[in-house]
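So this one's input.txt, compact mmCIF, C-alpha atoms:
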# COMPACT_ATOMS: atom_id res chain seq x y z
CA MET A 1 32.06 -22.11 6.82
CA PRO A 2 34.13 -20.34 9.53
CA ALA A 3 37.68 -21.53 10.24
CA ASP A 4 36.56 -23.36 13.41
CA ASN A 5 34.12 -25.40 11.23
CA ARG A 6 31.10 -24.23 13.17
CA PRO A 7 28.24 -23.17 10.90
CA PRO A 8 27.27 -19.48 10.97
CA VAL A 9 24.44 -18.66 13.38
CA PRO A 10 21.19 -18.07 11.42
CA VAL A 11 20.05 -14.43 11.42
CA PRO A 12 16.33 -13.75 12.06
CA ALA A 13 14.38 -12.72 8.95
CA ALA A 14 10.76 -12.36 7.87
CA THR A 15 9.01 -12.92 4.54
CA VAL A 16 5.47 -12.18 3.38
CA ILE A 17 3.71 -14.25 0.72
CA LEU A 18 1.37 -11.67 -0.82
CA VAL A 19 -1.68 -13.26 -2.44
CA ARG A 20 -4.74 -12.16 -4.37
CA GLU A 21 -7.45 -13.77 -6.49
CA GLU A 22 -7.70 -12.90 -10.17
CA ALA A 23 -10.49 -14.29 -12.39
CA GLY A 24 -11.20 -16.94 -9.75
CA HIS A 25 -7.60 -18.15 -9.46
CA LEU A 26 -5.01 -17.60 -6.75
CA GLN A 27 -1.94 -15.51 -7.59
CA VAL A 28 1.20 -14.71 -5.62
CA TYR A 29 3.50 -11.72 -5.93
CA LEU A 30 7.16 -12.39 -6.70
CA LEU A 31 10.03 -9.91 -6.75
CA ARG A 32 13.28 -10.33 -8.64
CA ARG A 33 16.32 -9.69 -6.48
CA SER A 34 19.00 -7.40 -7.84
CA GLN A 35 21.87 -9.08 -9.71
CA THR A 36 24.23 -7.32 -7.25
CA SER A 37 22.54 -8.85 -4.21
CA GLY A 38 24.76 -10.85 -1.89
CA PHE A 39 22.10 -13.55 -1.51
CA MET A 40 20.14 -15.24 -4.30
CA PRO A 41 21.02 -12.58 -6.93
CA GLY A 42 18.57 -12.55 -9.82
CA SER A 43 16.17 -14.99 -8.14
CA TYR A 44 12.44 -14.44 -7.78
CA VAL A 45 11.36 -14.42 -4.14
CA PHE A 46 8.62 -13.16 -1.86
CA PRO A 47 9.13 -9.75 -0.20
CA GLY A 48 11.21 -10.03 2.94
CA GLY A 49 14.44 -9.33 4.77
CA LEU A 50 16.28 -9.24 8.07
CA VAL A 51 14.81 -8.39 11.44
CA ASP A 52 16.71 -5.28 12.51
CA ASP A 53 17.26 -3.65 15.88
CA ARG A 54 14.42 -1.13 15.41
CA ASP A 55 11.98 -4.01 14.93
CA ARG A 56 12.76 -5.24 18.46
CA ASP A 57 11.44 -2.19 20.34
CA ASP A 58 8.53 -4.02 21.99
CA ALA A 59 7.27 -1.04 24.00
CA LEU A 60 7.06 1.11 20.87
CA TRP A 61 5.47 -1.44 18.55
CA LEU A 62 2.81 -2.55 21.01
CA THR A 63 1.48 1.02 20.85
CA HIS A 64 1.46 0.81 17.03
CA ALA A 65 -0.01 -2.68 16.55
CA ASP A 66 -3.62 -3.72 16.14
CA LEU A 67 -3.12 -6.77 18.38
CA ALA A 68 -2.53 -6.90 22.13
CA PRO A 69 0.00 -9.48 23.43
CA ASP A 70 -2.57 -12.25 24.01
CA ALA A 71 -4.18 -11.71 20.62
CA LEU A 72 -0.75 -11.56 18.99
CA SER A 73 0.19 -14.94 20.46
CA GLU A 74 -3.13 -16.41 19.33
CA ARG A 75 -2.71 -15.05 15.80
CA LEU A 76 0.99 -15.70 15.23
CA GLY A 77 1.56 -18.65 17.55
CA GLN A 78 4.01 -19.42 20.30
CA ALA A 79 7.78 -19.03 20.13
CA ALA A 80 10.77 -19.19 22.45
CA GLY A 81 10.98 -15.80 24.14
CA GLY A 82 7.23 -15.24 24.21
CA PHE A 83 5.11 -12.90 22.12
CA GLU A 84 8.02 -10.44 21.84
CA THR A 85 9.82 -12.84 19.49
CA LEU A 86 6.95 -13.00 17.03
CA LEU A 87 6.22 -9.29 17.44
CA CYS A 88 9.63 -8.36 15.98
CA TYR A 89 9.15 -10.86 13.14
CA GLY A 90 5.73 -9.35 12.43
CA VAL A 91 7.08 -5.81 12.43
CA ALA A 92 9.92 -6.84 10.11
CA ALA A 93 7.42 -8.55 7.80
CA VAL A 94 5.32 -5.38 7.50
CA ARG A 95 8.36 -3.13 7.07
CA GLU A 96 10.05 -5.28 4.43
CA THR A 97 6.83 -5.71 2.46
CA PHE A 98 6.44 -1.94 2.27
CA GLU A 99 10.12 -1.33 1.51
CA GLU A 100 10.42 -3.93 -1.24
CA ALA A 101 6.91 -4.20 -2.69
CA GLY A 102 5.23 -0.91 -1.76
CA VAL A 103 2.37 -2.64 0.09
CA LEU A 104 1.60 -1.19 3.52
CA LEU A 105 -0.06 -3.56 5.99
CA ALA A 106 -1.22 -0.78 8.30
CA ARG A 107 -4.12 1.58 8.96
CA PRO A 108 -4.23 5.18 10.14
CA GLY A 109 -4.40 5.59 13.91
CA PHE A 110 -6.94 7.66 15.84
CA PRO A 111 -7.22 10.49 15.29
CA ALA A 112 -6.34 9.61 11.69
CA GLN A 113 -2.99 11.00 10.56
CA GLY A 114 -1.46 8.48 8.19
CA ASP A 115 -1.78 9.27 4.49
CA PHE A 116 -0.94 6.38 2.15
CA GLY A 117 0.18 8.61 -0.72
CA ARG A 118 2.57 10.50 1.53
CA ALA A 119 3.86 7.23 2.99
CA CYS A 120 4.65 5.97 -0.53
CA GLU A 121 6.54 9.18 -1.30
CA ARG A 122 8.58 8.78 1.87
CA ARG A 123 9.25 5.15 1.01
CA LEU A 124 10.91 6.11 -2.27
CA ALA A 125 12.84 9.00 -0.73
CA GLU A 126 13.86 7.58 2.64
CA SER A 127 13.83 3.77 2.59
CA PRO A 128 17.62 3.34 2.20
CA ALA A 129 18.09 5.14 5.55
CA HIS A 130 18.19 2.94 8.64
CA GLY A 131 15.18 3.46 10.92
CA TRP A 132 13.13 5.33 8.34
CA PHE A 133 10.08 3.05 8.75
CA THR A 134 9.97 3.56 12.52
CA ARG A 135 10.08 7.31 12.03
CA LEU A 136 7.26 7.08 9.45
CA VAL A 137 5.00 5.04 11.71
CA VAL A 138 5.58 7.26 14.74
CA SER A 139 5.34 10.62 12.98
CA ASP A 140 2.21 9.73 10.98
CA GLY A 141 0.49 7.57 13.59
CA TRP A 142 0.23 4.32 11.64
CA VAL A 143 -1.08 1.13 13.28
CA LEU A 144 0.42 -2.07 11.86
CA THR A 145 -2.28 -4.60 10.94
CA LEU A 146 -0.50 -7.65 12.29
CA SER A 147 -3.92 -9.31 12.21
CA ALA A 148 -3.47 -9.42 8.40
CA LEU A 149 -0.56 -11.87 8.80
CA SER A 150 -1.06 -15.63 8.89
CA ARG A 151 1.48 -18.32 9.72
CA TRP A 152 2.92 -20.42 6.93
CA ALA A 153 6.38 -21.91 7.57
CA ARG A 154 9.78 -21.44 9.16
CA TRP A 155 12.88 -22.05 7.04
CA ILE A 156 16.49 -22.20 8.24
CA THR A 157 19.35 -21.97 5.72
CA PRO A 158 21.54 -25.11 5.42
CA GLU A 159 24.57 -25.32 7.70
CA ARG A 160 27.05 -25.34 4.82
CA MET A 161 25.89 -22.00 3.42
CA PRO A 162 28.12 -18.97 4.17
CA ARG A 163 25.07 -16.81 5.01
CA ARG A 164 22.27 -18.30 7.05
CA PHE A 165 18.79 -17.07 7.94
CA ASP A 166 16.04 -18.18 10.31
CA THR A 167 13.02 -16.97 8.36
CA ARG A 168 9.33 -16.88 9.27
CA PHE A 169 7.09 -16.99 6.21
CA PHE A 170 3.75 -15.21 6.63
CA VAL A 171 0.81 -14.99 4.24
CA ALA A 172 -1.13 -11.76 3.66
CA VAL A 173 -3.87 -10.80 1.21
CA LEU A 174 -3.18 -7.69 -0.89
CA PRO A 175 -5.10 -4.85 0.83
CA PRO A 176 -7.89 -3.22 -1.21
CA GLY A 177 -6.80 -0.17 -3.17
CA GLN A 178 -3.09 -0.98 -3.04
CA ALA A 179 -0.73 -2.09 -5.81
CA CYS A 180 2.73 -3.61 -5.75
CA LEU A 181 5.76 -1.62 -6.86
CA PRO A 182 9.37 -2.88 -6.65
CA ASP A 183 11.83 -0.53 -4.93
CA MET A 184 14.24 -0.79 -7.92
CA GLN A 185 17.15 -1.12 -5.48
CA GLU A 186 17.06 -4.48 -3.72
CA THR A 187 14.41 -5.63 -6.19
CA THR A 188 14.32 -4.85 -9.91
CA ALA A 189 11.05 -6.41 -11.12
CA GLY A 190 7.79 -7.76 -9.76
CA ILE A 191 5.03 -9.97 -11.10
CA TRP A 192 1.66 -11.39 -10.07
CA ILE A 193 1.57 -14.99 -11.22
CA SER A 194 -0.15 -18.29 -10.50
CA PRO A 195 1.90 -20.85 -8.54
CA ARG A 196 1.77 -23.35 -11.43
CA ALA A 197 2.95 -20.81 -14.01
CA ALA A 198 5.85 -19.74 -11.78
CA LEU A 199 6.95 -23.36 -11.32
CA VAL A 200 6.86 -23.92 -15.07
CA GLU A 201 8.92 -20.78 -15.72
CA ASN A 202 11.48 -21.93 -13.16
CA ILE A 203 11.92 -25.29 -14.90
CA ASN A 204 12.35 -23.41 -18.19
CA GLY A 205 15.05 -21.25 -16.62
CA LYS A 206 13.13 -18.02 -17.18
CA MET A 207 12.17 -17.36 -13.55
CA PRO A 208 14.80 -18.64 -11.08
CA LEU A 209 13.12 -19.46 -7.77
CA SER A 210 14.72 -19.92 -4.37
CA PRO A 211 14.16 -23.32 -2.66
CA PRO A 212 11.63 -22.00 -0.09
CA THR A 213 9.76 -20.24 -2.90
CA LEU A 214 9.71 -23.47 -4.92
CA ALA A 215 8.38 -25.50 -2.01
CA THR A 216 5.77 -22.90 -1.06
CA LEU A 217 4.44 -22.54 -4.60
CA HIS A 218 4.18 -26.30 -4.88
CA GLU A 219 2.11 -26.40 -1.67
CA PHE A 220 -0.12 -23.67 -3.09
CA LEU A 221 -1.08 -25.95 -5.99
CA SER A 222 -3.58 -27.53 -3.60
CA THR A 223 -5.16 -24.14 -2.81
CA PRO A 224 -6.31 -22.86 -6.23
CA THR A 225 -8.60 -20.18 -4.78
CA LEU A 226 -8.26 -17.57 -2.07
CA GLN A 227 -11.11 -19.12 -0.11
CA ARG A 228 -9.40 -22.50 -0.10
CA LEU A 229 -6.12 -20.93 1.03
CA GLN A 230 -7.83 -19.06 3.87
CA THR A 231 -9.36 -22.33 5.06
CA VAL A 232 -5.90 -23.89 5.19
CA LEU A 233 -4.47 -20.84 6.98
CA SER A 234 -7.11 -20.98 9.70
CA GLY A 235 -5.61 -24.21 11.01
CA ARG A 236 -1.98 -23.64 10.05
CA ASN A 237 0.78 -23.79 12.68
CA TRP A 238 4.48 -23.10 12.23
CA GLY A 239 5.34 -26.78 12.43
CA GLU A 240 8.94 -27.96 12.65
CA PRO A 241 11.58 -25.67 11.11
CA ILE A 242 12.55 -26.70 7.59
CA MET A 243 16.35 -26.85 7.26
CA PRO A 244 17.52 -28.33 3.94
CA ARG A 245 20.68 -30.41 3.96
CA LEU A 246 23.33 -29.40 1.43
CA VAL A 247 25.10 -32.25 -0.39
CA PRO A 248 27.95 -31.04 -2.64
CA LEU A 249 28.46 -32.57 -6.08
CA GLU A 250 31.75 -33.15 -7.88
CA LYS A 251 30.84 -30.89 -10.80
CA GLY A 252 32.05 -27.40 -9.92
CA ARG A 253 29.74 -25.46 -7.61
CA GLN A 254 26.74 -27.73 -8.11
CA PHE A 255 24.98 -29.20 -5.11
CA VAL A 256 21.72 -30.85 -4.06
CA LEU A 257 19.49 -29.77 -1.20
CA LEU A 258 17.70 -32.58 0.61
CA LEU A 259 14.51 -31.48 2.34
CA PRO A 260 13.65 -33.00 5.74
CA TRP A 261 11.09 -35.40 4.21
CA ASP A 262 13.65 -36.90 1.80
CA PRO A 263 14.43 -40.58 2.60
CA MET A 264 18.19 -39.87 2.55
CA TYR A 265 18.05 -36.75 4.74
CA GLY A 266 19.29 -38.53 7.87
CA LEU A 267 21.99 -40.69 6.24
CA ASN A 268 25.74 -40.20 6.54
CA GLU A 269 27.11 -38.34 3.54
CA ASN A 270 29.01 -41.36 2.24
CA GLU A 271 25.73 -43.31 2.19
CA ILE A 272 23.88 -40.78 0.02
CA ARG A 273 23.44 -41.82 -3.62
CA LEU A 274 22.01 -39.18 -5.93
CA GLY A 275 22.63 -40.62 -9.40
CA ASP A 276 22.81 -38.58 -12.60
CA VAL A 277 20.97 -35.47 -11.36
CA GLU A 278 20.69 -33.93 -14.84
CA SER A 279 18.44 -36.77 -15.93
CA LEU A 280 16.28 -36.56 -12.79
CA VAL A 281 14.69 -33.12 -13.24
CA LEU A 282 10.96 -33.36 -12.48
CA PRO A 283 8.04 -31.73 -14.28
CA ALA A 284 6.86 -28.51 -12.66
CA ALA A 285 3.92 -29.88 -10.66
CA GLU A 286 5.47 -33.15 -9.46
CA PRO A 287 6.05 -33.62 -5.69
CA PHE A 288 9.71 -33.43 -4.70
CA SER A 289 12.01 -33.79 -1.71
CA ARG A 290 15.31 -32.64 -3.23
CA VAL A 291 16.49 -29.70 -5.31
CA TRP A 292 19.46 -29.52 -7.68
CA HIS A 293 21.44 -26.28 -7.93
CA CYS A 294 23.33 -25.59 -11.16
CA ASN A 295 24.31 -22.29 -12.79
CA GLY A 296 22.16 -20.26 -10.41
CA LEU A 297 19.02 -22.34 -10.97
CA PHE A 298 17.26 -24.61 -8.47
CA ARG A 299 15.29 -27.46 -10.03
CA PRO A 300 13.37 -30.21 -8.23
CA ILE A 301 14.72 -33.67 -8.99
CA ARG A 302 13.53 -37.23 -8.50
Would you encode the structure as structure tokens?
Amino acid sequence: MPADNRPPVPVPAATVILVREEAGHLQVYLLRRSQTSGFMPGSYVFPGGLVDDRDRDDALWLTHADLAPDALSERLGQAAGGFETLLCYGVAAVRETFEEAGVLLARPGFPAQGDFGRACERRLAESPAHGWFTRLVVSDGWVLTLSALSRWARWITPERMPRRFDTRFFVAVLPPGQACLPDMQETTAGIWISPRAALVENINGKMPLSPPTLATLHEFLSTPTLQRLQTVLSGRNWGEPIMPRLVPLEKGRQFVLLLPWDPMYGLNENEIRLGDVESLVLPAAEPFSRVWHCNGLFRPIR
């Protein structure tokens, strides 16, 4: 935390939960962050990243989006600052999904110019350069399919964390004919997996998941098919931001995150009693309201 004890201001970010149905069962796509990453190194997460300055060019992106302002607000909801706020989050979501996972949520404009194969080649050659995605969209006439994004949740990093993000989580179905491919820079591996299997692998220590990923996958247990998920999405709003509360433990760098629905979330720190956290680890599919961090792993606890 800064020297004046004020928590860092959360930086806007966007994440896309890519989904598909395989043999009648819902799967999600997870990417493993590089071990050299400054945030959640080695963890499995959904594609996503920061909203950058190029994502905020409203005049430009409205000419390269498949939704007009009114339709954008209806699709992605209301936010402080109007549709422009969610427009930049939507643009960042599309850009980061293409950069990290190789999935392009866009269609060629009219007259058609965009070529997906050429776009993938440019992704591998140019993506480290700032502004490359804007140049790609403009030069090849792509139209971002923001209509493919659905609202899921908004997460804000705990106040005690040195780096904080205000992240909008969107859901998108894998477009036909496309396949996921990690960029091998920020992300080093990718996998399609069922929510239950990912939760089990996290408990076993084989697939470290971030807290928002854990909570999202647990919610997805109630939507075992794509049809069921789409029904849920049709009535889904952003809801209240989810900001976990960090409670440090005496043992080294261990800590517990209390989620807003935890009964101790609103207590003073000296009133919080956590017990022997090592003995409280829950089975993969059990509901939870707190997460224990130890040795780079986050595990739900009772």
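Nearest to A:Arg196 of all the residues A:Gln27, A:Asn295, A:Asp55, A:Asp70 is A:Gln27, counting all atoms listed in the file.
Between atom CA of A:Ala172 and atom CA of A:Trp152 the interatomic distance comes to 10.1 Å.
If you measure from each of A:Glu99, A:Leu26, A:Phe39, A:Val137 to A:Leu60 using only C-alpha atoms, the closest one turns out to be A:Val137.
Across the structure, atom CA of A:Gly42 and atom CA of A:Leu257 are spaced 19.3 Å apart.
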Kindly indicate which residue among A:Gly48, A:Arg123, A:Thr145, A:Gln185 lies nearest to A:Phe165, using all atoms listed in the file for the distances.
A:Gly48
What does the distance from atom CA of A:Val28 to atom CA of A:Thr223 come to in Å, to one decimal?
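Straight-line distance from atom CA of A:Val28 to atom CA of A:Thr223 works out to 11.7 Å.
Around the point (3.3, 10.9, 3.2), within 12 Å and counting only C-alpha atoms, we find these residues: Pro108, Gln113, Gly114, Asp115, Phe116, Gly117, Arg118, Ala119, Cys120, Glu121, Arg122, Arg123, Leu124, Ala125, Glu126, Phe133, Arg135, Leu136, Val137, Ser139, Asp140, Gly141 and Trp142 of chain A.
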Using all atoms listed in the file, collect all residues at a distance of at most 10 Å from (-4.3, -7.9, 1.8) as written in the file, then present them as a list in words.
Leu18, Val19, Arg20, Val103, Leu104, Leu105, Thr145, Ala148, Leu149, Val171, Ala172, Val173, Leu174, Pro175, Pro176, Gly177 and Gln178 of chain A
Restricting the output to C-alpha atoms, write the selected residues as a JSON list (two decimals), keeping the file's coordinate frame.
[["chain", "number", "residue", "atom", "x", "y", "z"],
["A", 18, "LEU", "CA", 1.37, -11.67, -0.82],
["A", 19, "VAL", "CA", -1.68, -13.26, -2.44],
["A", 20, "ARG", "CA", -4.74, -12.16, -4.37],
["A", 103, "VAL", "CA", 2.37, -2.64, 0.09],
["A", 104, "LEU", "CA", 1.60, -1.19, 3.52],
["A", 105, "LEU", "CA", -0.06, -3.56, 5.99],
["A", 145, "THR", "CA", -2.28, -4.60, 10.94],
["A", 148, "ALA", "CA", -3.47, -9.42, 8.40],
["A", 149, "LEU", "CA", -0.56, -11.87, 8.80],
["A", 171, "VAL", "CA", 0.81, -14.99, 4.24],
["A", 172, "ALA", "CA", -1.13, -11.76, 3.66],
["A", 173, "VAL", "CA", -3.87, -10.80, 1.21],
["A", 174, "LEU", "CA", -3.18, -7.69, -0.89],
["A", 175, "PRO", "CA", -5.10, -4.85, 0.83],
["A", 176, "PRO", "CA", -7.89, -3.22, -1.21],
["A", 177, "GLY", "CA", -6.80, -0.17, -3.17],
["A", 178, "GLN", "CA", -3.09, -0.98, -3.04]]
Contact table stretch 94-171 of chain A vs stretch 72-88 of chain A, cut-off 8 Å, shortest pair per residue, all atoms listed in the file, as JSON lines:
{"residue": "A:Leu146", "atom": "CA", "partner": "A:Leu72", "partner_atom": "CA", "distance": 7.8}
{"residue": "A:Ser147", "atom": "CA", "partner": "A:Arg75", "partner_atom": "CA", "distance": 6.9}
{"residue": "A:Leu149", "atom": "CA", "partner": "A:Leu76", "partner_atom": "CA", "distance": 7.6}
{"residue": "A:Ser150", "atom": "CA", "partner": "A:Leu76", "partner_atom": "CA", "distance": 6.7}
{"residue": "A:Arg151", "atom": "CA", "partner": "A:Leu76", "partner_atom": "CA", "distance": 6.1}
Please, which residues in stretch 116-156 of chain A fall within 10 Å of stretch 209-222 of chain A when counting only C-alpha atoms, and what is the closest atom pair and distance in Å to one decimal for each, ordered by chain then residue number, as JSON lines?
{"residue": "A:Trp152", "atom": "CA", "partner": "A:Thr216", "partner_atom": "CA", "distance": 8.8}
{"residue": "A:Ala153", "atom": "CA", "partner": "A:Thr216", "partner_atom": "CA", "distance": 8.7}
{"residue": "A:Arg154", "atom": "CA", "partner": "A:Pro212", "partner_atom": "CA", "distance": 9.4}
{"residue": "A:Trp155", "atom": "CA", "partner": "A:Pro212", "partner_atom": "CA", "distance": 7.2}
{"residue": "A:Ile156", "atom": "CA", "partner": "A:Pro212", "partner_atom": "CA", "distance": 9.6}
May I have a table of the residues of stretch 136-207 of chain A lying at most 12 Å from stretch 275-281 of chain A, giving each one's closest pair of atoms and their distance in Å to one decimal, counting all atoms listed in the file, ordered by chain and ascending residue number, as a tab-separated table?
residue	atom	partner	partner_atom	distance
A:Asn202	CA	A:Val281	CA	11.6
A:Ile203	CA	A:Val281	CA	8.5
A:Asn204	CA	A:Val281	CA	11.1
I need the residue nearest A:Thr225 from this list: A:Asn237, A:Leu144, A:Pro7, A:Pro195. Use all atoms listed in the file for the distance.
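Checking each candidate against A:Thr225, we get A:Pro195 as the closest.
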Compare A:Pro241, A:Gly90, A:Ala106, A:Val138 by their minimum atom-to-atom distance to A:Thr157, counting only C-alpha atoms, and give me the closest one.
A:Pro241
Just want the 9 Å neighbourhood of A:Gly296, counted on all atoms listed in the file, with same-chain residues fewer than 4 positions away dropped. Output as a ChimeraX atom specification.
/A:40-43,208
